[in-house]
Amino acid sequence: MQLILNYINGEYCKPIDDKWLDNYNPAEGKIYSKIANSGAEDIEKAYKAAADAFPSWSETSLDERSRILQKIADIIEANLDQLAEAESLDNGKPLSLAKSVDIPRAASNFSFFAKAITQFSSEAHESIGLQSMNFTLRQPIGVVGCISPWNLPLYLFTWKIAPAIAAGNTVVAKPSEITPYTAYLLGEICTEAGLPKGVLNIVNGLGQTAGEAITKHPKIKAITFTGGTKTGEHIAKIAAPMFKKLSLELGGKNPNLIFADCNYDKMLETTVKSSFANQGQICLCGSRIFVEASIYEQFKKDFIEKVSQLKIGHPMNSETKIGALVSKSHLEKVESYVEIAKTENQNILFGGKRVDVENFSEGYYFQPTIIEVKSNDCRINQEEIFGPIVSIMPFETETEALNMANDTKYGLSSTLWTSDMNRVMRMSKKLECGIVWVNTWLNRDLRTPFGGTKQSGVGREGGLEALRFFTEPKNICITYE
Ligand code: NAD
């Protein structure tokens, strides 16, 4: 059976206690590998390797760091097929999606930060009349911790690691225990690319043990975390008294606001994706759909028709559009929301049931589900389901739509469909979130700030924001005569 080992100081190793966790293939509901169930001692070992590597790596020239990062990107690209298969096997996502989105984006994360670090600059302030000059050094922090979730495994893992090491830090990283396979494969890619030993250390294990040991480690000075809001709150409570630098990318309940004056066909096609891509397990999915009343009935009919055509099946099948949910417990959570909808007397327009895929009846398949809700204050609209369930409801006015969009504890992204540029500006300014997509969705330029407001997170990553997070500014003030 495949063993998912730790990668510490440039070498694969077993966890110190020799404890293991089962890892499931969600498409078939079977155990296919064993994951290192690491604890605080493994984190300490990884920390020591990272601390030893820091003095040399932080002084490595930008050209050299950039060259190594680009090499990692190139090797990821060269192994696209193998990595995509591993991602799909581990996560249940369609192989086509892993090939077209997850793995190419993991490569882009490295190639983007390989370039970005060569363009990173800091400020100088001349104090005219005071005979002094200030300049800001932006120095790497030291050993940093990167903790990532299961929905876009290699994509989000590398989104943190690439800027951290580009900026000269060394890293202790933990992928989700539910999807560790591609992070494990990244170890040998880094070795092949010539990344010096100890710059990146990958430790597998549970959040409460391995993850918490990273957060609690007194000498890991910054934590970047992507995952659930509850976990983020817990990490913040531990990190705050230690004054660690924190970047938190958390949950969402994103509104998709559709006005009658939009490009209808483009909106419909994109809305199917923004609702159900990756089985709805993307923090940016538009799970609350609000439609202007004049086109509501038409939209409802067309949307149901399009969604009913999505092929649910084994992720390795090239026709599959909806693969398996990531785990049995997640399937149960998603399903429980259909029951909640029933008790709230909401109208299940489509889906709502598990799917028995031929020959894979143990897999975690669920229908894409559309629920018509009566108001925005129901649990279906207020709680993050993070699966293939969207709600729809009509609105009459722009103000009503805006109020409902903002009436949630989350504030990650919003999508707006309209051709009225005045409305675009009015609403974009007032939507309470970190990202507004207008007549598009999941359109990402890696230079832009990425993150959420309210309970969707603290801080921004992406582009120079990430390089700023992973460096400590220090002002040097020099006087002259
Ligand atoms: P999760 O919070 O359960 O786990 C995320 C990671 O944190 C995992 O590696 C886990 O092992 C670790 N972890 C768990 N408990 C920990 C603890 N006490 N200390 C330290 N680490 C701990 O989240 P998940 O279920 O893996 O992912 C789904 C969530 O992630 C959703 O809420 C989704 O919205 C969110 N998400 C957000 C973004 C974003 O960019 N804002 C992107 C993707 C996913």
# chains A, B, ... in the order shown; residues from 1 in each chain; ligands from 1
>>> closest_atom_pairs(of="chain A", to="ligand 1", cutoff="8 Å", atoms="only C-alpha atoms and all ligand atoms", output="Markdown table")
| residue | atom | partner | partner_atom_place_in_ligand_line | distance |
| --- | --- | --- | --- | --- |
| A:Ile147 | CA | ligand 1 | 9 (O) | 5.2 |
| A:Ser148 | CA | ligand 1 | 9 (O) | 4.7 |
| A:Pro149 | CA | ligand 1 | 26 (O) | 3.5 |
| A:Trp150 | CA | ligand 1 | 26 (O) | 4.7 |
| A:Asn151 | CA | ligand 1 | 43 (C) | 6.2 |
| A:Leu152 | CA | ligand 1 | 43 (C) | 6.8 |
| A:Leu156 | CA | ligand 1 | 43 (C) | 7.2 |
| A:Lys174 | CA | ligand 1 | 9 (O) | 5.9 |
| A:Pro175 | CA | ligand 1 | 9 (O) | 4.8 |
| A:Ser176 | CA | ligand 1 | 9 (O) | 3.4 |
| A:Glu177 | CA | ligand 1 | 11 (O) | 5.6 |
| A:Ile178 | CA | ligand 1 | 26 (O) | 7.5 |
| A:Gly205 | CA | ligand 1 | 11 (O) | 6.9 |
| A:Leu206 | CA | ligand 1 | 11 (O) | 4.9 |
| A:Gly207 | CA | ligand 1 | 11 (O) | 3.3 |
| A:Gln208 | CA | ligand 1 | 18 (N) | 4.3 |
| A:Thr209 | CA | ligand 1 | 19 (N) | 7.2 |
| A:Ala210 | CA | ligand 1 | 20 (C) | 7.2 |
| A:Gly211 | CA | ligand 1 | 20 (C) | 3.5 |
| A:Glu212 | CA | ligand 1 | 19 (N) | 3.7 |
| A:Ala213 | CA | ligand 1 | 20 (C) | 7.3 |
| A:Ile214 | CA | ligand 1 | 20 (C) | 6.9 |
| A:Thr215 | CA | ligand 1 | 20 (C) | 6.0 |
| A:Phe225 | CA | ligand 1 | 7 (O) | 6.9 |
| A:Thr226 | CA | ligand 1 | 37 (C) | 5.2 |
| A:Gly227 | CA | ligand 1 | 30 (O) | 3.1 |
| A:Gly228 | CA | ligand 1 | 32 (O) | 3.4 |
| A:Thr229 | CA | ligand 1 | 32 (O) | 5.9 |
| A:Lys230 | CA | ligand 1 | 2 (O) | 6.8 |
| A:Thr231 | CA | ligand 1 | 2 (O) | 4.6 |
| A:Gly232 | CA | ligand 1 | 2 (O) | 6.7 |
| A:His234 | CA | ligand 1 | 18 (N) | 6.3 |
| A:Ile235 | CA | ligand 1 | 19 (N) | 5.7 |
| A:Leu248 | CA | ligand 1 | 41 (N) | 7.5 |
| A:Glu249 | CA | ligand 1 | 41 (N) | 3.7 |
| A:Leu250 | CA | ligand 1 | 41 (N) | 4.0 |
| A:Gly251 | CA | ligand 1 | 34 (O) | 3.2 |
| A:Gly252 | CA | ligand 1 | 34 (O) | 5.2 |
| A:Gln281 | CA | ligand 1 | 33 (C) | 7.5 |
| A:Ile282 | CA | ligand 1 | 43 (C) | 6.0 |
| A:Cys283 | CA | ligand 1 | 34 (O) | 4.0 |
| A:Leu284 | CA | ligand 1 | 42 (C) | 7.4 |
| A:Glu384 | CA | ligand 1 | 32 (O) | 6.9 |
| A:Phe386 | CA | ligand 1 | 31 (C) | 6.4 |
| A:Leu412 | CA | ligand 1 | 41 (N) | 6.7 |
| A:Phe450 | CA | ligand 1 | 40 (O) | 7.6 |
| A:Gly451 | CA | ligand 1 | 41 (N) | 6.0 |
| A:Gly452 | CA | ligand 1 | 41 (N) | 6.4 |
| A:Ser456 | CA | ligand 1 | 41 (N) | 6.1 |
| A:Gly457 | CA | ligand 1 | 41 (N) | 6.6 |
>>> write_last_selection(atoms="C-alpha atoms", output="mmCIF file, in the first residue's frame")
data_model
loop_
_atom_site.group_PDB
_atom_site.id
_atom_site.type_symbol
_atom_site.label_atom_id
_atom_site.label_comp_id
_atom_site.auth_asym_id
_atom_site.auth_seq_id
_atom_site.Cartn_x
_atom_site.Cartn_y
_atom_site.Cartn_z
ATOM 1 C CA ILE A 147 -1.461 24.947 6.576
ATOM 2 C CA SER A 148 -3.822 24.156 3.692
ATOM 3 C CA PRO A 149 -7.217 22.501 3.052
ATOM 4 C CA TRP A 150 -8.440 19.608 0.902
ATOM 5 C CA ASN A 151 -10.513 21.260 -1.818
ATOM 6 C CA LEU A 152 -7.716 22.450 -4.135
ATOM 7 C CA LEU A 156 -3.518 26.019 -2.373
ATOM 8 C CA LYS A 174 1.061 20.661 6.449
ATOM 9 C CA PRO A 175 -1.395 19.656 3.739
ATOM 10 C CA SER A 176 -4.864 18.446 4.642
ATOM 11 C CA GLU A 177 -4.878 14.915 6.055
ATOM 12 C CA ILE A 178 -7.770 14.226 3.676
ATOM 13 C CA GLY A 205 -1.053 14.480 10.072
ATOM 14 C CA LEU A 206 -4.217 15.655 11.760
ATOM 15 C CA GLY A 207 -5.091 19.276 12.344
ATOM 16 C CA GLN A 208 -5.514 18.874 16.102
ATOM 17 C CA THR A 209 -2.052 17.321 16.492
ATOM 18 C CA ALA A 210 0.398 18.150 13.672
ATOM 19 C CA GLY A 211 -1.404 21.366 12.657
ATOM 20 C CA GLU A 212 -1.738 22.575 16.210
ATOM 21 C CA ALA A 213 1.948 21.830 16.908
ATOM 22 C CA ILE A 214 2.860 24.195 14.046
ATOM 23 C CA THR A 215 0.576 26.914 15.402
ATOM 24 C CA PHE A 225 -3.761 29.169 6.990
ATOM 25 C CA THR A 226 -6.514 28.352 4.517
ATOM 26 C CA GLY A 227 -9.473 26.395 5.816
ATOM 27 C CA GLY A 228 -12.675 26.655 7.784
ATOM 28 C CA THR A 229 -13.682 29.735 9.796
ATOM 29 C CA LYS A 230 -13.945 27.751 13.058
ATOM 30 C CA THR A 231 -10.410 26.392 12.638
ATOM 31 C CA GLY A 232 -9.169 29.877 11.757
ATOM 32 C CA HIS A 234 -9.009 28.514 16.974
ATOM 33 C CA ILE A 235 -5.625 29.212 15.337
ATOM 34 C CA LEU A 248 -6.243 33.583 7.385
ATOM 35 C CA GLU A 249 -8.186 32.580 4.272
ATOM 36 C CA LEU A 250 -11.489 31.193 5.550
ATOM 37 C CA GLY A 251 -14.986 30.158 4.537
ATOM 38 C CA GLY A 252 -17.483 31.880 2.286
ATOM 39 C CA GLN A 281 -16.206 22.604 -3.038
ATOM 40 C CA ILE A 282 -14.497 25.900 -3.894
ATOM 41 C CA CYS A 283 -14.504 28.659 -1.308
ATOM 42 C CA LEU A 284 -15.370 31.076 -4.152
ATOM 43 C CA GLU A 384 -21.398 27.339 4.546
ATOM 44 C CA PHE A 386 -19.232 23.735 0.787
ATOM 45 C CA LEU A 412 -15.134 36.449 0.533
ATOM 46 C CA PHE A 450 -6.765 37.779 -2.680
ATOM 47 C CA GLY A 451 -8.697 37.274 0.539
ATOM 48 C CA GLY A 452 -11.867 37.944 2.440
ATOM 49 C CA SER A 456 -13.897 35.027 5.574
ATOM 50 C CA GLY A 457 -10.454 35.974 6.715
#
>>> residues_around(residues="Ala293 (chain A)", least_positions_apart="4", cutoff="10 Å", atoms="only C-alpha atoms", output="ChimeraX atom specification")
/A:258-260,297-299,393-397
>>> residues_around(residues="region 64-72 of chain A", least_positions_apart="4", cutoff="9 Å", atoms="only C-alpha atoms", output="MDAnalysis selection string")
chainID A and resid 57 60 76:77 107 110:118 162 165:168 186 189:190 192:195
>>> write_last_selection(atoms="N, CA, C and O atoms", output="CSV table (one decimal), in the first residue's frame")
chain,number,residue,atom,x,y,z
A,57,TRP,N,19.6,30.1,3.1
A,57,TRP,CA,18.6,30.4,2.1
A,57,TRP,C,18.2,31.9,2.0
A,57,TRP,O,18.0,32.4,1.0
A,60,THR,N,20.6,33.6,-0.1
A,60,THR,CA,20.7,33.1,-1.5
A,60,THR,C,20.2,34.2,-2.4
A,60,THR,O,19.2,34.8,-2.2
A,76,ILE,N,6.8,20.4,-12.4
A,76,ILE,CA,5.3,20.2,-12.2
A,76,ILE,C,4.7,20.0,-13.5
A,76,ILE,O,3.9,19.1,-13.8
A,77,GLU,N,5.0,21.0,-14.4
A,77,GLU,CA,4.4,20.9,-15.8
A,77,GLU,C,4.7,19.7,-16.5
A,77,GLU,O,3.9,19.1,-17.2
A,107,ALA,N,1.8,25.0,-10.9
A,107,ALA,CA,3.0,25.4,-11.6
A,107,ALA,C,3.1,26.9,-11.7
A,107,ALA,O,4.1,27.5,-11.5
A,110,PHE,N,4.4,28.8,-8.7
A,110,PHE,CA,5.9,28.8,-8.6
A,110,PHE,C,6.5,29.8,-9.6
A,110,PHE,O,7.4,30.6,-9.3
A,111,SER,N,6.0,29.7,-10.9
A,111,SER,CA,6.6,30.5,-11.9
A,111,SER,C,6.3,32.0,-11.6
A,111,SER,O,7.1,32.9,-11.9
A,112,PHE,N,5.1,32.3,-11.1
A,112,PHE,CA,4.7,33.6,-10.8
A,112,PHE,C,5.6,34.2,-9.7
A,112,PHE,O,6.2,35.3,-9.9
A,113,PHE,N,5.8,33.5,-8.6
A,113,PHE,CA,6.6,34.1,-7.6
A,113,PHE,C,8.1,34.0,-7.9
A,113,PHE,O,8.9,34.8,-7.3
A,114,ALA,N,8.5,33.1,-8.8
A,114,ALA,CA,9.9,33.2,-9.3
A,114,ALA,C,10.2,34.5,-10.0
A,114,ALA,O,11.2,35.1,-9.8
A,115,LYS,N,9.2,35.0,-10.7
A,115,LYS,CA,9.3,36.4,-11.3
A,115,LYS,C,9.1,37.5,-10.3
A,115,LYS,O,9.8,38.5,-10.3
A,116,ALA,N,8.0,37.3,-9.5
A,116,ALA,CA,7.6,38.4,-8.7
A,116,ALA,C,8.7,38.8,-7.7
A,116,ALA,O,8.9,40.0,-7.4
A,117,ILE,N,9.5,37.8,-7.2
A,117,ILE,CA,10.5,38.2,-6.2
A,117,ILE,C,11.6,39.0,-6.9
A,117,ILE,O,12.2,39.9,-6.2
A,118,THR,N,11.8,38.9,-8.2
A,118,THR,CA,12.9,39.7,-8.8
A,118,THR,C,12.4,41.2,-9.0
A,118,THR,O,13.2,42.1,-9.3
A,162,ALA,N,5.1,28.9,-2.3
A,162,ALA,CA,5.9,29.6,-3.3
A,162,ALA,C,6.3,31.0,-2.9
A,162,ALA,O,7.5,31.3,-2.9
A,165,ILE,N,8.9,30.8,0.3
A,165,ILE,CA,10.4,30.5,0.0
A,165,ILE,C,11.0,31.6,-1.0
A,165,ILE,O,12.1,31.9,-0.8
A,166,ALA,N,10.2,32.1,-1.9
A,166,ALA,CA,10.7,33.1,-2.8
A,166,ALA,C,11.2,34.3,-1.9
A,166,ALA,O,12.3,34.9,-2.3
A,167,ALA,N,10.5,34.6,-0.9
A,167,ALA,CA,10.9,35.8,0.0
A,167,ALA,C,12.1,35.4,0.9
A,167,ALA,O,12.5,36.3,1.7
A,168,GLY,N,12.6,34.2,0.9
A,168,GLY,CA,13.7,33.8,1.7
A,168,GLY,C,13.5,33.2,3.0
A,168,GLY,O,14.4,33.0,3.8
A,186,LEU,N,5.3,16.5,-4.2
A,186,LEU,CA,6.1,17.8,-4.4
A,186,LEU,C,7.5,17.7,-3.7
A,186,LEU,O,8.4,18.3,-4.2
A,189,ILE,N,9.9,16.5,-6.2
A,189,ILE,CA,10.1,17.5,-7.3
A,189,ILE,C,11.0,18.6,-6.8
A,189,ILE,O,11.9,19.1,-7.5
A,190,CYS,N,10.9,19.0,-5.5
A,190,CYS,CA,11.8,20.0,-5.0
A,190,CYS,C,13.2,19.5,-4.9
A,190,CYS,O,14.2,20.3,-5.2
A,192,GLU,N,14.5,17.3,-6.9
A,192,GLU,CA,15.0,17.3,-8.3
A,192,GLU,C,15.4,18.7,-8.8
A,192,GLU,O,16.3,18.9,-9.6
A,193,ALA,N,14.6,19.7,-8.3
A,193,ALA,CA,14.8,21.1,-8.8
A,193,ALA,C,16.0,21.7,-8.1
A,193,ALA,O,16.4,22.8,-8.4
A,194,GLY,N,16.6,21.0,-7.1
A,194,GLY,CA,17.8,21.5,-6.4
A,194,GLY,C,17.5,22.5,-5.3
A,194,GLY,O,18.3,23.2,-4.8
A,195,LEU,N,16.2,22.4,-4.8
A,195,LEU,CA,15.9,23.2,-3.6
A,195,LEU,C,16.8,22.7,-2.4
A,195,LEU,O,16.7,21.5,-2.1
>>> residues_around(residues="Glu126 (chain A)", least_positions_apart="6", cutoff="10 Å", atoms="only C-alpha atoms", output="JSON, numbers by chain")
{"A": [132, 133, 134, 135, 477, 478]}
>>> closest_residue(among="A:Asn204, A:Lys48, A:Lys219, A:Ala98", to="Lys19 (chain A)", atoms="only C-alpha atoms")
A:Asn204
>>> closest_residue(among="A:Pro55, A:Pro388, A:Gly363, A:Gly145", to="Phe470 (chain A)", atoms="only C-alpha atoms")
A:Gly145
>>> closest_residue(among="A:Asn201, A:Gln82, A:Thr479, A:Asn381", to="Leu5 (chain A)", atoms="only C-alpha atoms")
A:Asn201
>>> closest_residue(among="A:Leu310, A:Val144, A:Ile16, A:Leu185", to="Ser38 (chain A)", atoms="only C-alpha atoms")
A:Ile16
